[in-house]
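This report refers to the structure that appears directly beneath it.
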Amino acid sequence: VEEHMKNALKENVPSISHRSKDYEKIHQHAVEAIRSLLGIPDDYHIFFTSSATEIWERIIQNTVEAESFHLINGAFSRRFFEIAENYKINAMSRVVEEGKVVEAEALLIPETAELIAITQNETSTGASQPVQDIAKIRKAFPDQLIALDVVSSAPYADIDYSMVDTAYFSVQKCFGLPAGLGVWIVNNRCFQKAQKLMDKDRIIGSYHSLPSLLEKAVKNQTPETPNVLGVYLLGKVATDMADKGIDQIRRETDYKAAVLYQAFDQSEILRPFVDNEAHRSKTTLVADASVSSKEIISKLSEKAFVIGSGYGKFKDKHIRIANFPTHSKEHIEILADKLLKINN
């Protein structure tokens, strides 16, 4: 990323007009790189927004008239639900305690629900919905739109995106980029629903409604002045990842996660917060600590390791460790060793 940023400055990328041919080339390259890396179907559209948080609101505006259904198992899946409530629709949910995932086989969703919202990787707790569950939910509920949050798991999660109608992520997690850019993947069923809402004189947003995004996207542009530097960097990093190979990235992620979870198991003061191994995230690992997380974070910072505290009510009880492609195997191995030495 550092080298790409240096090149961007040399090429004067931050000053490029978003209506220029130069920007259109940057936009097209980023879209094609993301489509190739993630295996996005050709008939799906890829848009850029300010963040994944914005996309929550855009999804509700453009695809829900009266009812949505949310799988909730942590702070971020709950936040999407709360945004739906803000729009005065009937936001329904299936809630399980933090550290667990909703059982796909046990889901009961009313036929009146227009949208099913799934958080594939709950960043606040490190609980990961198995990707096989997406196909199960799709088969059980073929008529509903499915929205998939892959904010902290793309591109690691091996998703068949044809199983969902819309998916989204932001670039500051696994893509290792500065924050300030969201990526929204949308199929034509979502556009059809947006058109139905427009026909009923519903407000579906202004500059970032699906029709306005598509109108500019076909020209490799955005409705507003975008994060040109962010789009440039995303295209470069996605290309780097594709060159390395997504299978290699996934194998390395699995290995690094295994090293860290082993350290949790061997530690005297840490244990994995997610009990079920099949539901433990490989990209955002969360451990329950028997001492204050501040103490652990402070000791690691002295060794130049920066890890996160728990989220929300778990702030002083958990540590959260990012395991992204930018983190080398050697880096993770040293961190695991430092975690074990904190026992003393």
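Naming works like this for the structure tokens: A, B, ... for the chains as they're shown, residue 1 at the start of each chain, ligands 1 onward in shown order.
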
Exercise. Within 6 Å of range 281-293 of chain A, counting only C-alpha atoms, which residues qualify if same-chain residues fewer than 5 places away don't, as a VMD selection string?
Worked result: chain A and resid 126 to 128 257 269 to 273 316 to 324

Just the selected residues (N, CA and C atoms), exported as a PDB file, in the first residue's frame, please.
```pdb
ATOM      1  N   GLY A 126     -16.136 -11.832  16.810  1.00  0.00           N
ATOM      2  CA  GLY A 126     -15.348 -12.886  16.181  1.00  0.00           C
ATOM      3  C   GLY A 126     -16.133 -14.141  15.873  1.00  0.00           C
ATOM      4  N   ALA A 127     -17.463 -14.012  15.745  1.00  0.00           N
ATOM      5  CA  ALA A 127     -18.308 -15.145  15.361  1.00  0.00           C
ATOM      6  C   ALA A 127     -18.562 -15.082  13.861  1.00  0.00           C
ATOM      7  N   SER A 128     -18.373 -16.204  13.188  1.00  0.00           N
ATOM      8  CA  SER A 128     -18.465 -16.250  11.734  1.00  0.00           C
ATOM      9  C   SER A 128     -19.553 -17.226  11.289  1.00  0.00           C
ATOM     10  N   ALA A 257      -4.485 -17.979  11.656  1.00  0.00           N
ATOM     11  CA  ALA A 257      -5.560 -18.103  12.640  1.00  0.00           C
ATOM     12  C   ALA A 257      -5.297 -19.282  13.576  1.00  0.00           C
ATOM     13  N   ILE A 269      -4.355 -16.881  30.665  1.00  0.00           N
ATOM     14  CA  ILE A 269      -5.263 -15.750  30.901  1.00  0.00           C
ATOM     15  C   ILE A 269      -6.213 -15.480  29.732  1.00  0.00           C
ATOM     16  N   LEU A 270      -6.092 -16.265  28.655  1.00  0.00           N
ATOM     17  CA  LEU A 270      -6.939 -16.055  27.479  1.00  0.00           C
ATOM     18  C   LEU A 270      -7.648 -17.338  27.096  1.00  0.00           C
ATOM     19  N   ARG A 271      -8.831 -17.170  26.518  1.00  0.00           N
ATOM     20  CA  ARG A 271      -9.523 -18.309  25.915  1.00  0.00           C
ATOM     21  C   ARG A 271     -10.358 -17.769  24.766  1.00  0.00           C
ATOM     22  N   PRO A 272     -10.569 -18.571  23.705  1.00  0.00           N
ATOM     23  CA  PRO A 272     -11.389 -18.097  22.594  1.00  0.00           C
ATOM     24  C   PRO A 272     -12.793 -17.746  23.074  1.00  0.00           C
ATOM     25  N   PHE A 273     -13.284 -16.590  22.676  1.00  0.00           N
ATOM     26  CA  PHE A 273     -14.621 -16.179  23.099  1.00  0.00           C
ATOM     27  C   PHE A 273     -15.699 -17.032  22.436  1.00  0.00           C
ATOM     28  N   ASP A 316     -13.384  -4.079  28.265  1.00  0.00           N
ATOM     29  CA  ASP A 316     -12.313  -4.426  29.202  1.00  0.00           C
ATOM     30  C   ASP A 316     -12.148  -5.926  29.390  1.00  0.00           C
ATOM     31  N   LYS A 317     -13.005  -6.719  28.718  1.00  0.00           N
ATOM     32  CA  LYS A 317     -12.989  -8.164  28.924  1.00  0.00           C
ATOM     33  C   LYS A 317     -12.356  -8.936  27.771  1.00  0.00           C
ATOM     34  N   HIS A 318     -12.359  -8.333  26.582  1.00  0.00           N
ATOM     35  CA  HIS A 318     -11.868  -9.024  25.392  1.00  0.00           C
ATOM     36  C   HIS A 318     -10.649  -8.335  24.806  1.00  0.00           C
ATOM     37  N   ILE A 319      -9.880  -9.111  24.045  1.00  0.00           N
ATOM     38  CA  ILE A 319      -8.944  -8.534  23.090  1.00  0.00           C
ATOM     39  C   ILE A 319      -9.390  -8.997  21.701  1.00  0.00           C
ATOM     40  N   ARG A 320      -9.169  -8.149  20.697  1.00  0.00           N
ATOM     41  CA  ARG A 320      -9.525  -8.496  19.322  1.00  0.00           C
ATOM     42  C   ARG A 320      -8.275  -8.329  18.448  1.00  0.00           C
ATOM     43  N   ILE A 321      -7.994  -9.351  17.674  1.00  0.00           N
ATOM     44  CA  ILE A 321      -6.787  -9.357  16.845  1.00  0.00           C
ATOM     45  C   ILE A 321      -7.183  -9.499  15.379  1.00  0.00           C
ATOM     46  N   ALA A 322      -6.712  -8.563  14.565  1.00  0.00           N
ATOM     47  CA  ALA A 322      -6.940  -8.631  13.126  1.00  0.00           C
ATOM     48  C   ALA A 322      -5.955  -9.606  12.502  1.00  0.00           C
ATOM     49  N   ASN A 323      -6.472 -10.479  11.656  1.00  0.00           N
ATOM     50  CA  ASN A 323      -5.638 -11.432  10.926  1.00  0.00           C
ATOM     51  C   ASN A 323      -5.939 -11.245   9.442  1.00  0.00           C
ATOM     52  N   PHE A 324      -5.344 -10.206   8.881  1.00  0.00           N
ATOM     53  CA  PHE A 324      -5.634  -9.809   7.504  1.00  0.00           C
ATOM     54  C   PHE A 324      -4.465 -10.179   6.597  1.00  0.00           C
TER      55      PHE A 324
END
```

For this session: Would you please give, as a PyMOL selection string, all residues of range 92-224 of chain A that DSSP assigns to strand (DSSP E) based on the backbone?
Result: chain A and resi 92-95+115-119+121-122+127-128+145-149+166-170+182-186

Problem set entry | Every residue of range 143-233 of chain A that DSSP places in helix (DSSP H, G or I), as a PyMOL selection string | chain A and resi 161-163+188-199+210-217+228-233

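All residues of protein, DNA or RNA that reach within 9 Å of Val13 in chain A, judged by only C-alpha atoms and not counting those fewer than 5 positions away in the chain, are Asn7, Ala8, Asp22, Tyr23, Val228, Leu229 and Tyr232 of chain A.
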
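Summary of the local environment: counting only C-alpha atoms, residues at most 7 Å from range 115-125 of chain A, other than itself and those fewer than 4 positions away along its chain, are Val64, Ser68, Phe69, His70, Leu71, Gly74, Ala75, Phe76, Ser77, Glu98, Gly99, Gln129, Gln144, Leu145, Ile146, Ala147, Leu148, Asp149, Val150, Ser152, Ser153, Ser281, Thr284, Val286 and Tyr311 of chain A.
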
Would you mind exporting the chosen residues as a PDB file, in the first residue's frame, restricted to N, CA and C atoms?
```pdb
ATOM      1  N   VAL A  64     -36.508  -2.081   0.542  1.00  0.00           N
ATOM      2  CA  VAL A  64     -37.504  -2.475   1.543  1.00  0.00           C
ATOM      3  C   VAL A  64     -38.627  -1.444   1.602  1.00  0.00           C
ATOM      4  N   SER A  68     -38.269  -6.048   6.927  1.00  0.00           N
ATOM      5  CA  SER A  68     -36.966  -6.696   6.758  1.00  0.00           C
ATOM      6  C   SER A  68     -36.767  -7.685   7.897  1.00  0.00           C
ATOM      7  N   PHE A  69     -35.816  -8.605   7.697  1.00  0.00           N
ATOM      8  CA  PHE A  69     -35.521  -9.609   8.722  1.00  0.00           C
ATOM      9  C   PHE A  69     -34.007  -9.695   8.891  1.00  0.00           C
ATOM     10  N   HIS A  70     -33.557  -9.644  10.152  1.00  0.00           N
ATOM     11  CA  HIS A  70     -32.130  -9.548  10.433  1.00  0.00           C
ATOM     12  C   HIS A  70     -31.661 -10.676  11.353  1.00  0.00           C
ATOM     13  N   LEU A  71     -30.544 -11.288  10.978  1.00  0.00           N
ATOM     14  CA  LEU A  71     -29.880 -12.249  11.851  1.00  0.00           C
ATOM     15  C   LEU A  71     -28.921 -11.457  12.734  1.00  0.00           C
ATOM     16  N   GLY A  74     -24.505  -9.749  17.363  1.00  0.00           N
ATOM     17  CA  GLY A  74     -23.477  -8.839  17.849  1.00  0.00           C
ATOM     18  C   GLY A  74     -23.810  -7.402  17.502  1.00  0.00           C
ATOM     19  N   ALA A  75     -22.880  -6.509  17.802  1.00  0.00           N
ATOM     20  CA  ALA A  75     -23.135  -5.074  17.700  1.00  0.00           C
ATOM     21  C   ALA A  75     -23.380  -4.606  16.271  1.00  0.00           C
ATOM     22  N   PHE A  76     -22.652  -5.156  15.293  1.00  0.00           N
ATOM     23  CA  PHE A  76     -22.775  -4.648  13.932  1.00  0.00           C
ATOM     24  C   PHE A  76     -24.011  -5.191  13.228  1.00  0.00           C
ATOM     25  N   SER A  77     -24.340  -6.456  13.447  1.00  0.00           N
ATOM     26  CA  SER A  77     -25.587  -6.970  12.881  1.00  0.00           C
ATOM     27  C   SER A  77     -26.780  -6.266  13.518  1.00  0.00           C
ATOM     28  N   GLU A  98     -24.103 -13.111  21.946  1.00  0.00           N
ATOM     29  CA  GLU A  98     -22.808 -12.827  21.341  1.00  0.00           C
ATOM     30  C   GLU A  98     -21.895 -14.049  21.427  1.00  0.00           C
ATOM     31  N   GLY A  99     -21.158 -14.275  20.339  1.00  0.00           N
ATOM     32  CA  GLY A  99     -20.259 -15.418  20.281  1.00  0.00           C
ATOM     33  C   GLY A  99     -20.871 -16.634  19.621  1.00  0.00           C
ATOM     34  N   GLN A 129     -20.503 -16.732  10.519  1.00  0.00           N
ATOM     35  CA  GLN A 129     -21.572 -17.574   9.973  1.00  0.00           C
ATOM     36  C   GLN A 129     -20.975 -18.457   8.879  1.00  0.00           C
ATOM     37  N   GLN A 144     -37.151 -13.853  -1.192  1.00  0.00           N
ATOM     38  CA  GLN A 144     -36.660 -12.686  -0.462  1.00  0.00           C
ATOM     39  C   GLN A 144     -35.301 -12.247  -1.009  1.00  0.00           C
ATOM     40  N   LEU A 145     -35.036 -10.961  -0.932  1.00  0.00           N
ATOM     41  CA  LEU A 145     -33.695 -10.458  -1.219  1.00  0.00           C
ATOM     42  C   LEU A 145     -32.781 -10.794  -0.040  1.00  0.00           C
ATOM     43  N   ILE A 146     -31.545 -11.155  -0.338  1.00  0.00           N
ATOM     44  CA  ILE A 146     -30.572 -11.445   0.714  1.00  0.00           C
ATOM     45  C   ILE A 146     -29.438 -10.436   0.632  1.00  0.00           C
ATOM     46  N   ALA A 147     -29.147  -9.781   1.776  1.00  0.00           N
ATOM     47  CA  ALA A 147     -28.039  -8.832   1.881  1.00  0.00           C
ATOM     48  C   ALA A 147     -26.965  -9.442   2.778  1.00  0.00           C
ATOM     49  N   LEU A 148     -25.726  -9.455   2.304  1.00  0.00           N
ATOM     50  CA  LEU A 148     -24.648 -10.117   3.022  1.00  0.00           C
ATOM     51  C   LEU A 148     -23.551  -9.127   3.389  1.00  0.00           C
ATOM     52  N   ASP A 149     -23.254  -9.043   4.677  1.00  0.00           N
ATOM     53  CA  ASP A 149     -22.174  -8.209   5.209  1.00  0.00           C
ATOM     54  C   ASP A 149     -20.887  -9.030   5.217  1.00  0.00           C
ATOM     55  N   VAL A 150     -19.919  -8.619   4.378  1.00  0.00           N
ATOM     56  CA  VAL A 150     -18.610  -9.276   4.370  1.00  0.00           C
ATOM     57  C   VAL A 150     -17.517  -8.235   4.680  1.00  0.00           C
ATOM     58  N   SER A 152     -15.566  -7.568   7.225  1.00  0.00           N
ATOM     59  CA  SER A 152     -14.283  -7.982   7.792  1.00  0.00           C
ATOM     60  C   SER A 152     -13.876  -9.384   7.360  1.00  0.00           C
ATOM     61  N   SER A 153     -14.494  -9.901   6.292  1.00  0.00           N
ATOM     62  CA  SER A 153     -14.111 -11.238   5.818  1.00  0.00           C
ATOM     63  C   SER A 153     -13.751 -11.285   4.339  1.00  0.00           C
ATOM     64  N   SER A 281     -14.134 -16.918  13.782  1.00  0.00           N
ATOM     65  CA  SER A 281     -13.631 -16.141  12.653  1.00  0.00           C
ATOM     66  C   SER A 281     -12.140 -16.394  12.444  1.00  0.00           C
ATOM     67  N   THR A 284     -10.987 -12.017  12.238  1.00  0.00           N
ATOM     68  CA  THR A 284     -11.098 -11.159  13.422  1.00  0.00           C
ATOM     69  C   THR A 284     -11.228 -12.073  14.641  1.00  0.00           C
ATOM     70  N   VAL A 286     -11.180 -13.125  18.540  1.00  0.00           N
ATOM     71  CA  VAL A 286     -11.539 -12.506  19.817  1.00  0.00           C
ATOM     72  C   VAL A 286     -11.277 -13.489  20.950  1.00  0.00           C
ATOM     73  N   TYR A 311     -15.364  -4.962  22.116  1.00  0.00           N
ATOM     74  CA  TYR A 311     -16.308  -3.997  21.550  1.00  0.00           C
ATOM     75  C   TYR A 311     -17.486  -3.806  22.499  1.00  0.00           C
TER      76      TYR A 311
END
```

Residue contacts of Thr49 in chain A (8 Å, only C-alpha atoms) excluding same-chain residues fewer than 4 positions away, as a CSV table (one decimal) with all heavy atoms, in the first residue's frame:
```csv
chain,number,residue,atom,x,y,z
A,54,GLU,N,-22.8,3.5,5.4
A,54,GLU,CA,-23.8,4.1,4.4
A,54,GLU,C,-24.6,3.1,3.7
A,54,GLU,O,-25.8,3.3,3.4
A,54,GLU,CB,-23.0,5.0,3.4
A,54,GLU,CG,-23.9,5.7,2.4
A,54,GLU,CD,-23.2,6.3,1.2
A,54,GLU,OE1,-22.0,6.5,1.3
A,54,GLU,OE2,-23.9,6.6,0.3
A,55,ILE,N,-23.9,2.0,3.3
A,55,ILE,CA,-24.6,1.0,2.5
A,55,ILE,C,-25.8,0.4,3.3
A,55,ILE,O,-26.8,0.0,2.7
A,55,ILE,CB,-23.6,-0.1,2.0
A,55,ILE,CG1,-22.6,0.5,1.1
A,55,ILE,CG2,-24.3,-1.2,1.3
A,55,ILE,CD1,-21.4,-0.4,0.8
A,181,LEU,N,-13.9,4.3,2.2
A,181,LEU,CA,-14.4,3.7,0.9
A,181,LEU,C,-15.2,2.5,1.2
A,181,LEU,O,-14.7,1.6,1.8
A,181,LEU,CB,-13.3,3.4,-0.1
A,181,LEU,CG,-13.7,3.0,-1.5
A,181,LEU,CD1,-14.4,4.1,-2.2
A,181,LEU,CD2,-12.5,2.5,-2.3
A,182,GLY,N,-16.5,2.4,0.7
A,182,GLY,CA,-17.3,1.3,0.8
A,182,GLY,C,-17.5,0.7,-0.6
A,182,GLY,O,-17.6,1.4,-1.6
A,183,VAL,N,-17.7,-0.6,-0.7
A,183,VAL,CA,-17.9,-1.3,-2.0
A,183,VAL,C,-19.3,-2.0,-1.9
A,183,VAL,O,-19.5,-2.9,-1.0
A,183,VAL,CB,-16.8,-2.3,-2.3
A,183,VAL,CG1,-17.1,-3.0,-3.6
A,183,VAL,CG2,-15.5,-1.6,-2.3
A,184,TRP,N,-20.2,-1.7,-2.8
A,184,TRP,CA,-21.5,-2.2,-2.8
A,184,TRP,C,-21.8,-3.1,-4.0
A,184,TRP,O,-21.7,-2.6,-5.1
A,184,TRP,CB,-22.5,-1.1,-2.7
A,184,TRP,CG,-23.9,-1.5,-2.4
A,184,TRP,CD1,-24.4,-2.7,-2.1
A,184,TRP,CD2,-25.1,-0.6,-2.5
A,184,TRP,NE1,-25.8,-2.6,-1.9
A,184,TRP,CE2,-26.2,-1.4,-2.2
A,184,TRP,CE3,-25.2,0.7,-2.9
A,184,TRP,CZ2,-27.5,-0.8,-2.2
A,184,TRP,CZ3,-26.5,1.3,-2.9
A,184,TRP,CH2,-27.6,0.5,-2.5
A,208,HIS,N,-27.2,8.8,-4.1
A,208,HIS,CA,-26.7,7.4,-4.0
A,208,HIS,C,-27.9,6.4,-4.1
A,208,HIS,O,-27.9,5.4,-3.4
A,208,HIS,CB,-25.9,7.2,-2.8
A,208,HIS,CG,-24.4,7.4,-3.1
A,208,HIS,ND1,-23.4,7.1,-2.1
A,208,HIS,CD2,-23.7,7.8,-4.2
A,208,HIS,CE1,-22.2,7.4,-2.6
A,208,HIS,NE2,-22.4,7.8,-3.9
A,226,PRO,N,-15.8,11.2,-5.8
A,226,PRO,CA,-15.5,10.1,-5.0
A,226,PRO,C,-14.1,10.2,-4.3
A,226,PRO,O,-13.4,11.1,-4.5
A,226,PRO,CB,-15.5,8.9,-6.0
A,226,PRO,CG,-14.9,9.6,-7.2
A,226,PRO,CD,-15.4,11.0,-7.2
```

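Reported to one decimal place, the separation of CA of Glu67 in chain A from CA of Ala84 in chain A is 8.8 Å.
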
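Comparing A:Thr225, A:Glu302, A:Arg250, A:Ala135 by their smallest distance to Ile16 in chain A, the closest is A:Thr225 (using only C-alpha atoms).
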
Exercise. Which residue, A:Gln262, A:Asn276, A:Val186, A:Ser93, has the smallest gap to Leu213 in chain A when you use only C-alpha atoms?
Worked result: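 Of the candidates, the smallest distance to Leu213 in chain A is held by A:Val186.
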
Exercise. Smallest atom-to-atom distance to Lys139 in chain A: which of A:Leu37, A:Ile59, A:Ile246, A:Met163, using only C-alpha atoms?
Worked result: A:Met163
